[in-house]
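S.K.: So I've got this file, input22.pdb, and it contains PDB, C-alpha atoms:
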```pdb
ATOM      1  CA  MET P   1     -69.190 -42.807  75.644
ATOM      2  CA  ALA P   2     -68.337 -45.337  78.329
ATOM      3  CA  ARG P   3     -70.431 -44.825  81.429
ATOM      4  CA  ILE P   4     -70.937 -46.285  84.859
ATOM      5  CA  SER P   5     -74.056 -45.063  86.586
ATOM      6  CA  GLY P   6     -73.161 -42.423  89.182
ATOM      7  CA  VAL P   7     -69.520 -42.240  88.133
ATOM      8  CA  GLY P   8     -68.147 -39.274  86.205
ATOM      9  CA  ASN P   9     -66.924 -39.899  82.680
ATOM     10  CA  ASN P  10     -63.604 -38.325  83.603
ATOM     11  CA  PHE P  11     -62.694 -41.300  85.761
ATOM     12  CA  LEU P  12     -63.259 -43.876  83.015
ATOM     13  CA  ASP P  13     -61.803 -41.744  80.259
ATOM     14  CA  SER P  14     -58.692 -41.203  82.357
ATOM     15  CA  ILE P  15     -57.986 -44.900  82.909
ATOM     16  CA  LEU P  16     -59.547 -46.458  79.780
ATOM     17  CA  PRO P  17     -59.419 -43.703  77.164
ATOM     18  CA  PRO P  18     -60.532 -44.070  73.549
ATOM     19  CA  TYR P  19     -57.770 -44.722  71.017
ATOM     20  CA  GLY P  20     -55.857 -41.513  70.315
ATOM     21  CA  THR P  21     -56.476 -39.985  73.737
ATOM     22  CA  ASP P  22     -53.720 -39.957  76.341
ATOM     23  CA  LEU P  23     -54.183 -41.804  79.607
ATOM     24  CA  GLY P  24     -55.256 -39.042  81.965
ATOM     25  CA  VAL P  25     -53.821 -40.709  85.047
ATOM     26  CA  LYS P  26     -50.282 -42.037  85.222
ATOM     27  CA  ASN P  27     -50.817 -44.331  88.175
ATOM     28  CA  PRO P  28     -48.764 -47.495  88.332
ATOM     29  CA  ILE P  29     -50.662 -50.407  86.800
ATOM     30  CA  TRP P  30     -51.468 -53.269  89.141
ATOM     31  CA  ASN P  31     -51.754 -56.770  87.651
ATOM     32  CA  GLU P  32     -53.787 -58.615  90.260
ATOM     33  CA  SER P  33     -53.488 -61.947  88.428
ATOM     34  CA  GLN P  34     -49.709 -61.882  88.846
ATOM     35  CA  HIS P  35     -49.633 -59.890  92.079
ATOM     36  CA  MET P  36     -47.286 -57.261  90.711
ATOM     37  CA  PHE P  37     -47.119 -53.743  89.344
ATOM     38  CA  ILE P  38     -46.375 -53.214  85.647
ATOM     39  CA  THR P  39     -44.024 -50.282  85.008
ATOM     40  CA  ASP P  40     -41.632 -48.907  82.376
ATOM     41  CA  GLN P  41     -43.454 -50.343  79.351
ATOM     42  CA  TYR P  42     -41.631 -49.974  76.067
ATOM     43  CA  THR P  43     -42.301 -51.346  72.581
ATOM     44  CA  SER P  44     -39.277 -51.620  70.302
ATOM     45  CA  ALA P  45     -39.223 -50.855  66.592
ATOM     46  CA  ALA P  46     -39.349 -54.617  66.016
ATOM     47  CA  GLY P  47     -42.670 -54.730  67.877
ATOM     48  CA  ASN P  48     -41.428 -56.504  70.996
ATOM     49  CA  THR P  49     -42.731 -55.139  74.272
ATOM     50  CA  TYR P  50     -40.648 -54.934  77.422
ATOM     51  CA  TYR P  51     -41.746 -54.016  80.909
ATOM     52  CA  LEU P  52     -40.832 -54.323  84.554
ATOM     53  CA  GLY P  53     -42.886 -56.370  86.995
ATOM     54  CA  VAL P  54     -42.515 -54.993  90.507
ATOM     55  CA  ARG P  55     -43.380 -56.862  93.700
ATOM     56  CA  PHE P  56     -42.655 -55.573  97.158
ATOM     57  CA  SER P  57     -43.040 -56.380 100.803
ATOM     58  CA  ASP P  58     -42.032 -54.277 103.787
ATOM     59  CA  ARG P  59     -38.489 -55.732 103.589
ATOM     60  CA  PHE P  60     -37.529 -55.994  99.930
ATOM     61  CA  VAL P  61     -38.486 -55.269  96.320
ATOM     62  CA  THR P  62     -38.374 -57.736  93.414
ATOM     63  CA  ILE P  63     -38.047 -56.344  89.905
ATOM     64  CA  LEU P  64     -38.683 -58.678  86.978
ATOM     65  CA  HIS P  65     -37.508 -57.743  83.481
ATOM     66  CA  ILE P  66     -40.123 -59.208  81.158
ATOM     67  CA  GLY P  67     -40.265 -59.326  77.377
ATOM     68  CA  LEU P  68     -43.173 -60.112  75.037
ATOM     69  CA  TYR P  69     -42.136 -61.524  71.663
ATOM     70  CA  HIS P  70     -44.875 -62.707  69.315
ATOM     71  CA  ASN P  71     -46.718 -65.419  71.263
ATOM     72  CA  TRP P  72     -44.183 -65.754  74.040
ATOM     73  CA  THR P  73     -43.534 -64.083  77.349
ATOM     74  CA  TYR P  74     -39.915 -64.229  78.541
ATOM     75  CA  ILE P  75     -38.442 -63.552  81.938
ATOM     76  CA  ASN P  76     -35.109 -61.935  81.174
ATOM     77  CA  GLU P  77     -33.769 -60.864  84.567
ATOM     78  CA  VAL P  78     -34.661 -60.880  88.244
ATOM     79  CA  GLU P  79     -33.365 -58.220  90.642
ATOM     80  CA  ILE P  80     -33.738 -57.992  94.403
ATOM     81  CA  TYR P  81     -33.517 -54.715  96.296
ATOM     82  CA  ALA P  82     -33.387 -54.166 100.048
ATOM     83  CA  PHE P  83     -34.501 -50.902 101.613
ATOM     84  CA  ASP P  84     -31.977 -48.365 102.807
ATOM     85  CA  GLY P  85     -34.166 -45.791 104.492
ATOM     86  CA  HIS P  86     -36.601 -44.695 101.771
ATOM     87  CA  GLU P  87     -34.277 -45.727  98.948
ATOM     88  CA  ARG P  88     -33.786 -49.166  97.453
ATOM     89  CA  LYS P  89     -30.412 -50.879  97.230
ATOM     90  CA  LEU P  90     -29.567 -53.677  94.780
ATOM     91  CA  VAL P  91     -28.634 -56.827  96.699
ATOM     92  CA  GLY P  92     -29.040 -59.528  94.051
ATOM     93  CA  LYS P  93     -29.449 -59.924  90.315
ATOM     94  CA  THR P  94     -29.483 -62.768  87.816
ATOM     95  CA  SER P  95     -30.202 -63.272  84.109
ATOM     96  CA  ILE P  96     -32.597 -66.052  83.133
ATOM     97  CA  ASP P  97     -33.815 -65.554  79.540
ATOM     98  CA  GLN P  98     -36.419 -68.318  79.596
ATOM     99  CA  TYR P  99     -40.163 -68.614  78.987
ATOM    100  CA  TYR P 100     -42.019 -66.896  81.832
ATOM    101  CA  ASN P 101     -42.869 -69.399  84.516
ATOM    102  CA  GLU P 102     -44.110 -68.267  87.913
ATOM    103  CA  ASP P 103     -42.533 -71.212  89.755
ATOM    104  CA  LEU P 104     -39.172 -70.369  88.192
ATOM    105  CA  VAL P 105     -39.533 -66.694  89.119
ATOM    106  CA  ARG P 106     -40.455 -67.533  92.697
ATOM    107  CA  SER P 107     -37.572 -69.979  93.185
ATOM    108  CA  THR P 108     -35.124 -67.515  91.606
ATOM    109  CA  THR P 109     -36.349 -64.785  93.960
ATOM    110  CA  GLU P 110     -35.953 -67.106  96.931
ATOM    111  CA  ASN P 111     -32.425 -68.091  95.883
ATOM    112  CA  LEU P 112     -31.320 -64.482  95.400
ATOM    113  CA  LEU P 113     -32.734 -63.426  98.748
ATOM    114  CA  LYS P 114     -31.217 -66.443 100.504
ATOM    115  CA  ASP P 115     -27.804 -65.752  98.948
ATOM    116  CA  TYR P 116     -27.932 -62.139 100.127
ATOM    117  CA  ILE P 117     -28.969 -62.982 103.696
ATOM    118  CA  GLU P 118     -26.500 -65.848 103.902
ATOM    119  CA  GLY P 119     -23.688 -63.620 102.634
ATOM    120  CA  GLN P 120     -24.507 -60.950 105.189
ATOM    121  CA  MET P 121     -24.623 -63.521 107.979
ATOM    122  CA  LYS P 122     -21.212 -64.879 106.942
ATOM    123  CA  LEU P 123     -19.754 -61.367 106.879
ATOM    124  CA  ASN P 124     -21.117 -60.814 110.374
ATOM    125  CA  GLY P 125     -19.822 -64.193 111.552
ATOM    126  CA  SER P 126     -23.321 -65.345 112.499
ATOM    127  CA  PRO P 127     -24.089 -69.067 112.629
ATOM    128  CA  ILE P 128     -26.295 -70.254 109.742
ATOM    129  CA  ASN P 129     -29.059 -72.818 110.089
ATOM    130  CA  GLN P 130     -29.791 -73.648 106.429
ATOM    131  CA  GLU P 131     -33.192 -75.203 107.077
ATOM    132  CA  GLN P 132     -34.353 -72.257 109.173
ATOM    133  CA  LEU P 133     -32.969 -69.757 106.647
ATOM    134  CA  GLU P 134     -34.756 -71.420 103.732
ATOM    135  CA  CYS P 135     -37.998 -71.450 105.689
ATOM    136  CA  GLN P 136     -37.704 -67.746 106.568
ATOM    137  CA  VAL P 137     -36.845 -66.802 102.986
ATOM    138  CA  LYS P 138     -39.916 -68.640 101.673
ATOM    139  CA  GLU P 139     -42.074 -66.737 104.160
ATOM    140  CA  LEU P 140     -40.519 -63.413 103.170
ATOM    141  CA  VAL P 141     -41.071 -64.067  99.460
ATOM    142  CA  GLN P 142     -44.644 -65.229 100.055
ATOM    143  CA  LYS P 143     -45.357 -61.856 101.664
ATOM    144  CA  SER P 144     -44.510 -60.133  98.369
ATOM    145  CA  TYR P 145     -47.336 -62.033  96.630
ATOM    146  CA  PHE P 146     -50.111 -59.986  98.200
ATOM    147  CA  SER P 147     -53.439 -58.930  96.755
ATOM    148  CA  LEU P 148     -53.842 -55.194  96.301
ATOM    149  CA  LEU P 149     -57.590 -55.603  95.926
ATOM    150  CA  ASP P 150     -58.303 -57.660  99.023
ATOM    151  CA  ASP P 151     -55.772 -56.459 101.584
ATOM    152  CA  PRO P 152     -56.821 -53.130 103.174
ATOM    153  CA  ASN P 153     -53.368 -52.677 104.740
ATOM    154  CA  VAL P 154     -51.645 -52.657 101.370
ATOM    155  CA  ALA P 155     -53.370 -49.479 100.212
ATOM    156  CA  LYS P 156     -52.038 -47.701 103.300
ATOM    157  CA  ARG P 157     -48.459 -48.681 102.443
ATOM    158  CA  LEU P 158     -48.780 -47.704  98.794
ATOM    159  CA  GLU P 159     -47.942 -44.034  99.259
ATOM    160  CA  ALA P 160     -44.583 -45.035 100.717
ATOM    161  CA  VAL P 161     -43.606 -47.207  97.770
ATOM    162  CA  LYS P 162     -45.133 -45.139  94.932
ATOM    163  CA  PRO P 163     -41.801 -43.380  94.273
ATOM    164  CA  LEU P 164     -40.241 -46.809  93.675
ATOM    165  CA  LEU P 165     -42.832 -47.511  91.001
ATOM    166  CA  LEU P 166     -42.180 -44.429  88.913
ATOM    167  CA  PRO P 167     -40.651 -45.112  85.491
ATOM    168  CA  ASN P 168     -36.876 -45.199  85.061
ATOM    169  CA  LYS P 169     -36.151 -45.671  88.749
TER     170      LYS P 169
ATOM    171  CA  MET Y   1     -66.559 -55.339  57.983
ATOM    172  CA  ASN Y   2     -68.430 -52.059  58.529
ATOM    173  CA  THR Y   3     -66.775 -48.688  57.948
ATOM    174  CA  SER Y   4     -66.367 -47.663  61.576
ATOM    175  CA  LEU Y   5     -64.821 -51.015  62.415
ATOM    176  CA  ALA Y   6     -62.503 -50.819  59.420
ATOM    177  CA  THR Y   7     -61.364 -47.344  60.502
ATOM    178  CA  LEU Y   8     -60.795 -48.538  64.047
ATOM    179  CA  VAL Y   9     -58.840 -51.554  62.903
ATOM    180  CA  ASN Y  10     -56.660 -49.538  60.542
ATOM    181  CA  GLN Y  11     -55.833 -47.169  63.388
ATOM    182  CA  THR Y  12     -55.344 -49.538  66.291
ATOM    183  CA  LEU Y  13     -54.004 -52.791  64.873
ATOM    184  CA  PRO Y  14     -50.518 -51.413  64.130
ATOM    185  CA  ALA Y  15     -50.305 -50.383  67.797
ATOM    186  CA  VAL Y  16     -51.300 -53.823  68.997
ATOM    187  CA  SER Y  17     -49.479 -56.160  66.627
ATOM    188  CA  ASN Y  18     -46.597 -55.783  64.216
ATOM    189  CA  SER Y  19     -47.574 -59.003  62.460
ATOM    190  CA  SER Y  20     -49.737 -59.198  59.375
ATOM    191  CA  VAL Y  21     -53.217 -60.316  60.364
ATOM    192  CA  THR Y  22     -56.222 -61.981  58.836
ATOM    193  CA  TYR Y  23     -59.807 -61.472  59.940
ATOM    194  CA  ASN Y  24     -61.650 -64.582  61.036
ATOM    195  CA  ALA Y  25     -65.325 -63.696  60.691
ATOM    196  CA  ASP Y  26     -66.417 -66.888  62.381
ATOM    197  CA  ARG Y  27     -64.647 -65.927  65.604
ATOM    198  CA  ASN Y  28     -64.868 -62.149  65.118
ATOM    199  CA  MET Y  29     -61.140 -62.184  65.698
ATOM    200  CA  PHE Y  30     -57.975 -60.956  64.008
ATOM    201  CA  LEU Y  31     -55.358 -63.682  63.706
ATOM    202  CA  THR Y  32     -51.615 -63.092  63.456
ATOM    203  CA  ALA Y  33     -49.393 -65.158  61.181
ATOM    204  CA  GLY Y  34     -48.834 -68.548  62.770
ATOM    205  CA  TYR Y  35     -45.648 -70.377  63.638
ATOM    206  CA  THR Y  36     -45.454 -74.156  63.401
ATOM    207  CA  SER Y  37     -42.948 -75.880  65.658
ATOM    208  CA  ALA Y  38     -40.866 -78.926  64.761
ATOM    209  CA  ALA Y  39     -43.366 -80.978  66.762
ATOM    210  CA  GLY Y  40     -46.117 -79.836  64.432
ATOM    211  CA  ASN Y  41     -47.920 -77.518  66.858
ATOM    212  CA  THR Y  42     -49.037 -74.141  65.516
ATOM    213  CA  TYR Y  43     -48.976 -70.947  67.581
ATOM    214  CA  PHE Y  44     -50.605 -67.621  66.790
ATOM    215  CA  GLN Y  45     -52.363 -64.702  68.460
ATOM    216  CA  GLY Y  46     -56.047 -63.868  68.305
ATOM    217  CA  ILE Y  47     -57.017 -60.223  68.796
ATOM    218  CA  HIS Y  48     -60.303 -58.588  69.787
ATOM    219  CA  LEU Y  49     -60.460 -54.801  69.416
ATOM    220  CA  SER Y  50     -62.641 -51.953  70.549
ATOM    221  CA  ASN Y  51     -61.863 -48.237  70.624
ATOM    222  CA  ARG Y  52     -60.788 -48.580  74.282
ATOM    223  CA  LEU Y  53     -59.421 -52.082  74.591
ATOM    224  CA  ALA Y  54     -57.356 -54.736  72.854
ATOM    225  CA  ILE Y  55     -57.592 -58.335  74.048
ATOM    226  CA  VAL Y  56     -54.791 -60.571  72.804
ATOM    227  CA  PHE Y  57     -55.001 -64.352  73.155
ATOM    228  CA  ASP Y  58     -51.948 -66.600  72.858
ATOM    229  CA  ILE Y  59     -53.306 -69.652  71.082
ATOM    230  CA  GLY Y  60     -51.753 -72.999  70.314
ATOM    231  CA  VAL Y  61     -53.144 -75.686  68.042
ATOM    232  CA  GLY Y  62     -51.840 -79.139  68.835
ATOM    233  CA  TYR Y  63     -53.207 -82.476  67.642
ATOM    234  CA  ALA Y  64     -56.991 -82.113  67.755
ATOM    235  CA  TYR Y  65     -57.152 -79.306  70.301
ATOM    236  CA  THR Y  66     -57.013 -75.518  70.353
ATOM    237  CA  PHE Y  67     -55.362 -74.298  73.546
ATOM    238  CA  LEU Y  68     -55.482 -70.921  75.244
ATOM    239  CA  ASN Y  69     -51.930 -70.444  76.541
ATOM    240  CA  GLY Y  70     -52.186 -66.864  77.725
ATOM    241  CA  MET Y  71     -54.140 -63.630  77.558
ATOM    242  CA  LYS Y  72     -53.113 -59.986  77.635
ATOM    243  CA  LEU Y  73     -55.281 -56.897  77.878
ATOM    244  CA  TYR Y  74     -54.136 -53.528  76.604
ATOM    245  CA  CYS Y  75     -55.679 -50.092  76.898
ATOM    246  CA  PHE Y  76     -54.566 -47.190  74.729
ATOM    247  CA  ASP Y  77     -52.380 -44.272  75.777
ATOM    248  CA  GLY Y  78     -52.641 -41.930  72.826
ATOM    249  CA  THR Y  79     -51.755 -44.130  69.867
ATOM    250  CA  GLN Y  80     -49.658 -46.590  71.896
ATOM    251  CA  LYS Y  81     -50.850 -49.773  73.578
ATOM    252  CA  LYS Y  82     -50.407 -50.172  77.332
ATOM    253  CA  LEU Y  83     -50.482 -53.542  79.069
ATOM    254  CA  ILE Y  84     -53.038 -53.532  81.886
ATOM    255  CA  GLY Y  85     -53.205 -57.217  82.791
ATOM    256  CA  SER Y  86     -52.247 -60.740  81.805
ATOM    257  CA  ARG Y  87     -52.838 -64.350  82.728
ATOM    258  CA  PHE Y  88     -51.163 -67.629  81.756
ATOM    259  CA  TYR Y  89     -52.821 -71.015  81.280
ATOM    260  CA  THR Y  90     -51.633 -74.597  81.124
ATOM    261  CA  CYS Y  91     -53.540 -77.252  79.161
ATOM    262  CA  CYS Y  92     -56.579 -74.977  78.859
ATOM    263  CA  CYS Y  93     -58.808 -75.664  75.849
ATOM    264  CA  TYR Y  94     -59.992 -72.465  74.139
ATOM    265  CA  SER Y  95     -63.646 -71.509  74.412
ATOM    266  CA  ASP Y  96     -65.255 -68.141  73.684
ATOM    267  CA  TYR Y  97     -67.169 -68.253  76.972
ATOM    268  CA  PHE Y  98     -64.046 -68.883  79.079
ATOM    269  CA  ALA Y  99     -61.954 -66.354  77.155
ATOM    270  CA  ARG Y 100     -64.537 -63.588  77.627
ATOM    271  CA  LYS Y 101     -65.022 -64.442  81.312
ATOM    272  CA  GLU Y 102     -61.280 -64.274  81.950
ATOM    273  CA  ALA Y 103     -60.887 -61.028  79.987
ATOM    274  CA  SER Y 104     -63.759 -59.486  81.974
ATOM    275  CA  GLU Y 105     -62.072 -60.491  85.232
ATOM    276  CA  ILE Y 106     -58.719 -59.018  84.190
ATOM    277  CA  LEU Y 107     -60.393 -55.746  83.168
ATOM    278  CA  PHE Y 108     -62.393 -55.674  86.414
ATOM    279  CA  GLU Y 109     -59.162 -56.101  88.407
ATOM    280  CA  TYR Y 110     -57.525 -53.256  86.498
ATOM    281  CA  LEU Y 111     -60.491 -50.923  87.001
ATOM    282  CA  LYS Y 112     -60.801 -51.769  90.689
ATOM    283  CA  SER Y 113     -57.092 -51.321  91.382
ATOM    284  CA  GLN Y 114     -57.041 -47.984  89.544
ATOM    285  CA  ALA Y 115     -60.072 -46.819  91.529
ATOM    286  CA  LYS Y 116     -58.283 -47.876  94.704
ATOM    287  CA  LEU Y 117     -55.072 -46.102  93.746
ATOM    288  CA  MET Y 118     -57.083 -42.954  93.026
ATOM    289  CA  GLY Y 119     -59.070 -43.232  96.262
ATOM    290  CA  THR Y 120     -62.358 -43.551  94.342
ATOM    291  CA  TYR Y 121     -65.020 -46.003  95.482
ATOM    292  CA  ILE Y 122     -67.128 -47.774  92.860
ATOM    293  CA  SER Y 123     -69.072 -50.918  93.749
ATOM    294  CA  ASP Y 124     -67.782 -54.259  92.478
ATOM    295  CA  SER Y 125     -71.092 -54.958  90.735
ATOM    296  CA  GLN Y 126     -70.877 -51.715  88.734
ATOM    297  CA  LEU Y 127     -67.284 -52.394  87.733
ATOM    298  CA  GLU Y 128     -68.068 -56.014  86.821
ATOM    299  CA  GLU Y 129     -70.962 -54.959  84.607
ATOM    300  CA  PHE Y 130     -68.863 -52.268  82.929
ATOM    301  CA  ALA Y 131     -65.949 -54.668  82.361
ATOM    302  CA  LYS Y 132     -68.249 -57.305  80.910
ATOM    303  CA  ASN Y 133     -69.754 -54.806  78.466
ATOM    304  CA  GLN Y 134     -66.369 -53.482  77.379
ATOM    305  CA  VAL Y 135     -65.146 -57.026  76.691
ATOM    306  CA  LEU Y 136     -68.363 -57.796  74.819
ATOM    307  CA  SER Y 137     -67.834 -54.663  72.748
ATOM    308  CA  ALA Y 138     -64.346 -55.853  71.763
ATOM    309  CA  ALA Y 139     -65.355 -59.488  71.273
ATOM    310  CA  THR Y 140     -68.240 -58.609  68.987
ATOM    311  CA  ASN Y 141     -66.298 -55.878  67.187
ATOM    312  CA  ARG Y 142     -68.821 -53.200  67.942
ATOM    313  CA  PRO Y 143     -66.459 -50.344  68.666
ATOM    314  CA  GLY Y 144     -69.124 -47.826  69.587
ATOM    315  CA  LEU Y 145     -70.971 -50.019  72.086
ATOM    316  CA  THR Y 146     -71.525 -48.173  75.352
ATOM    317  CA  ALA Y 147     -71.632 -49.725  78.796
TER     318      ALA Y 147
END
```
Now, as a test, write the supplied structure out as structure tokens.
M.R.:
Amino acid sequence: MARISGVGNNFLDSILPPYGTDLGVKNPIWNESQHMFITDQYTSAAGNTYYLGVRFSDRFVTILHIGLYHNWTYINEVEIYAFDGHERKLVGKTSIDQYYNEDLVRSTTENLLKDYIEGQMKLNGSPINQEQLECQVKELVQKSYFSLLDDPNVAKRLEAVKPLLLPNK
Amino acid sequence: MNTSLATLVNQTLPAVSNSSVTYNADRNMFLTAGYTSAAGNTYFQGIHLSNRLAIVFDIGVGYAYTFLNGMKLYCFDGTQKKLIGSRFYTCCCYSDYFARKEASEILFEYLKSQAKLMGTYISDSQLEEFAKNQVLSAATNRPGLTA
């Protein structure tokens, strides 16, 4: 049996169970290396695995549709949601269907967010300073690449966003 | 291959890979069928298994080098695999030492984040040691190894 001194077996068995035993805890899975949550995992009959990568900041949520086929990881779609109270509201979406590349994902996120903000500013008749807008968008997107493990403030905000991380939302 | 390992492999491999695999005794690794590109580079996956963990390496062989292109770690949820972490690499030559170190780090990050989400405190050193032993168990194909 897997053991850590001073830690009950229930904890380890619930998050790293032996084959054949259900995961005892259905917490969202945090992928620190990619700074995103992994949700809605699904393996097709053909053996391809699909999942959602979820990043959030206090202003928006990015949802990445990711597919694993044989040796390759594909980024299929990127969606951007703004908050409307405690709910999320789709404000941008694009299909990519290319090999997963973090630079591509980041620039796509920035473009979607910029398009949304720019569109809203135009609708409101506000003057647009492109350079300033691009700079602000980059800062906003950077804030969604946080570390769950190192930032004590993130854990406090998690309860608020947990409902957004539940499957099929 | 010993009996307990054979049983484990027969149970878990279908959950981890839908490809036919061969066992490479030299590397203690299961290898999926390869794909050779028009440029002559060959790509395949290498898999380490334990009863709690599957480590999948995306490997490319080009010219005289073996590259580690990516790594994914899965735990089990019943009889299904569940992705718990991944990393990508560019121009990274494969080595057992590096692969195990990276896998240990990914598992440590998963364990620490789950502990955090559950409000449980476990010291980093304890989690690191546990992660290292779990990866060693999978890498050496000793399914019953305890931490």
S.K.: Taking all atoms listed in the file into account and nothing else, which residues of chain Y lie no more than 9 Å away from chain P? Please answer as JSON, numbers by chain.
M.R.: {"Y": [8, 11, 12, 15, 16, 17, 18, 19, 32, 43, 44, 45, 50, 51, 52, 53, 57, 58, 59, 69, 70, 75, 76, 77, 78, 79, 80, 81, 82, 83, 84, 85, 86, 87, 88, 106, 109, 110, 111, 112, 113, 114, 115, 116, 117, 118, 120, 122, 126, 127, 129, 130, 134, 144, 145, 146, 147]}
S.K.: Can you tell me how far atom CA of P:His65 sits from atom CA of P:Asn111, in Å to one decimal?
M.R.: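 According to the coordinates, atom CA of P:His65 and atom CA of P:Asn111 are separated by 16.9 Å.
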S.K.: Just how far from atom CA of P:Tyr50 is atom CA of P:Ile75, in Å to one decimal?
M.R.: 10.0 Å
S.K.: Between atom CA of Y:Lys132 and atom CA of Y:Asn10, measure the distance and give it in Å to one decimal.
M.R.: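 Computing the Euclidean distance for atom CA of Y:Lys132 and atom CA of Y:Asn10 yields 24.7 Å.
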S.K.: Residues picked by the PyMOL selection byres ((chain Y and resi 42) around 6) here, as a PDB file with C-alpha atoms, keeping the file's coordinate frame?
M.R.:
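What follows is the written file out_6.pdb:
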```pdb
ATOM      1  CA  TYR Y  35     -45.648 -70.377  63.638  1.00  0.00           C
ATOM      2  CA  THR Y  36     -45.454 -74.156  63.401  1.00  0.00           C
ATOM      3  CA  ASN Y  41     -47.920 -77.518  66.858  1.00  0.00           C
ATOM      4  CA  TYR Y  43     -48.976 -70.947  67.581  1.00  0.00           C
ATOM      5  CA  GLY Y  60     -51.753 -72.999  70.314  1.00  0.00           C
ATOM      6  CA  VAL Y  61     -53.144 -75.686  68.042  1.00  0.00           C
TER       7      VAL Y  61
END
```
S.K.: Neighbours of P:Tyr81 within 6 Å (all atoms listed in the file; same-chain residues fewer than 2 positions away dropped), as a PDB file with C-alpha atoms, in the frame of the given file?
M.R.:
```pdb
ATOM      1  CA  PHE P  60     -37.529 -55.994  99.930  1.00  0.00           C
ATOM      2  CA  VAL P  61     -38.486 -55.269  96.320  1.00  0.00           C
ATOM      3  CA  ARG P  88     -33.786 -49.166  97.453  1.00  0.00           C
ATOM      4  CA  LYS P  89     -30.412 -50.879  97.230  1.00  0.00           C
ATOM      5  CA  LEU P  90     -29.567 -53.677  94.780  1.00  0.00           C
ATOM      6  CA  VAL P  91     -28.634 -56.827  96.699  1.00  0.00           C
TER       7      VAL P  91
END
```
S.K.: Give as a list in words the residues that the PyMOL selection byres ((chain Y and resi 23) around 12) matches when applied to the coordinates above.
M.R.: Met1, Leu5, Ala6, Val9, Leu13, Ser20, Val21, Thr22, Asn24, Ala25, Asp26, Arg27, Asn28, Met29, Phe30, Leu31, Thr32, Ala33, Gln45, Gly46, Ile47, His48, Leu49 and Asn141 of chain Y
S.K.: Write the selection just made, keeping C-alpha atoms, as a CSV table (one decimal), in the frame of the given file?
M.R.:
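Writing the result to again.csv gives the following:
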```csv
chain,number,residue,atom,x,y,z
Y,1,MET,CA,-66.6,-55.3,58.0
Y,5,LEU,CA,-64.8,-51.0,62.4
Y,6,ALA,CA,-62.5,-50.8,59.4
Y,9,VAL,CA,-58.8,-51.6,62.9
Y,13,LEU,CA,-54.0,-52.8,64.9
Y,20,SER,CA,-49.7,-59.2,59.4
Y,21,VAL,CA,-53.2,-60.3,60.4
Y,22,THR,CA,-56.2,-62.0,58.8
Y,24,ASN,CA,-61.6,-64.6,61.0
Y,25,ALA,CA,-65.3,-63.7,60.7
Y,26,ASP,CA,-66.4,-66.9,62.4
Y,27,ARG,CA,-64.6,-65.9,65.6
Y,28,ASN,CA,-64.9,-62.1,65.1
Y,29,MET,CA,-61.1,-62.2,65.7
Y,30,PHE,CA,-58.0,-61.0,64.0
Y,31,LEU,CA,-55.4,-63.7,63.7
Y,32,THR,CA,-51.6,-63.1,63.5
Y,33,ALA,CA,-49.4,-65.2,61.2
Y,45,GLN,CA,-52.4,-64.7,68.5
Y,46,GLY,CA,-56.0,-63.9,68.3
Y,47,ILE,CA,-57.0,-60.2,68.8
Y,48,HIS,CA,-60.3,-58.6,69.8
Y,49,LEU,CA,-60.5,-54.8,69.4
Y,141,ASN,CA,-66.3,-55.9,67.2
```
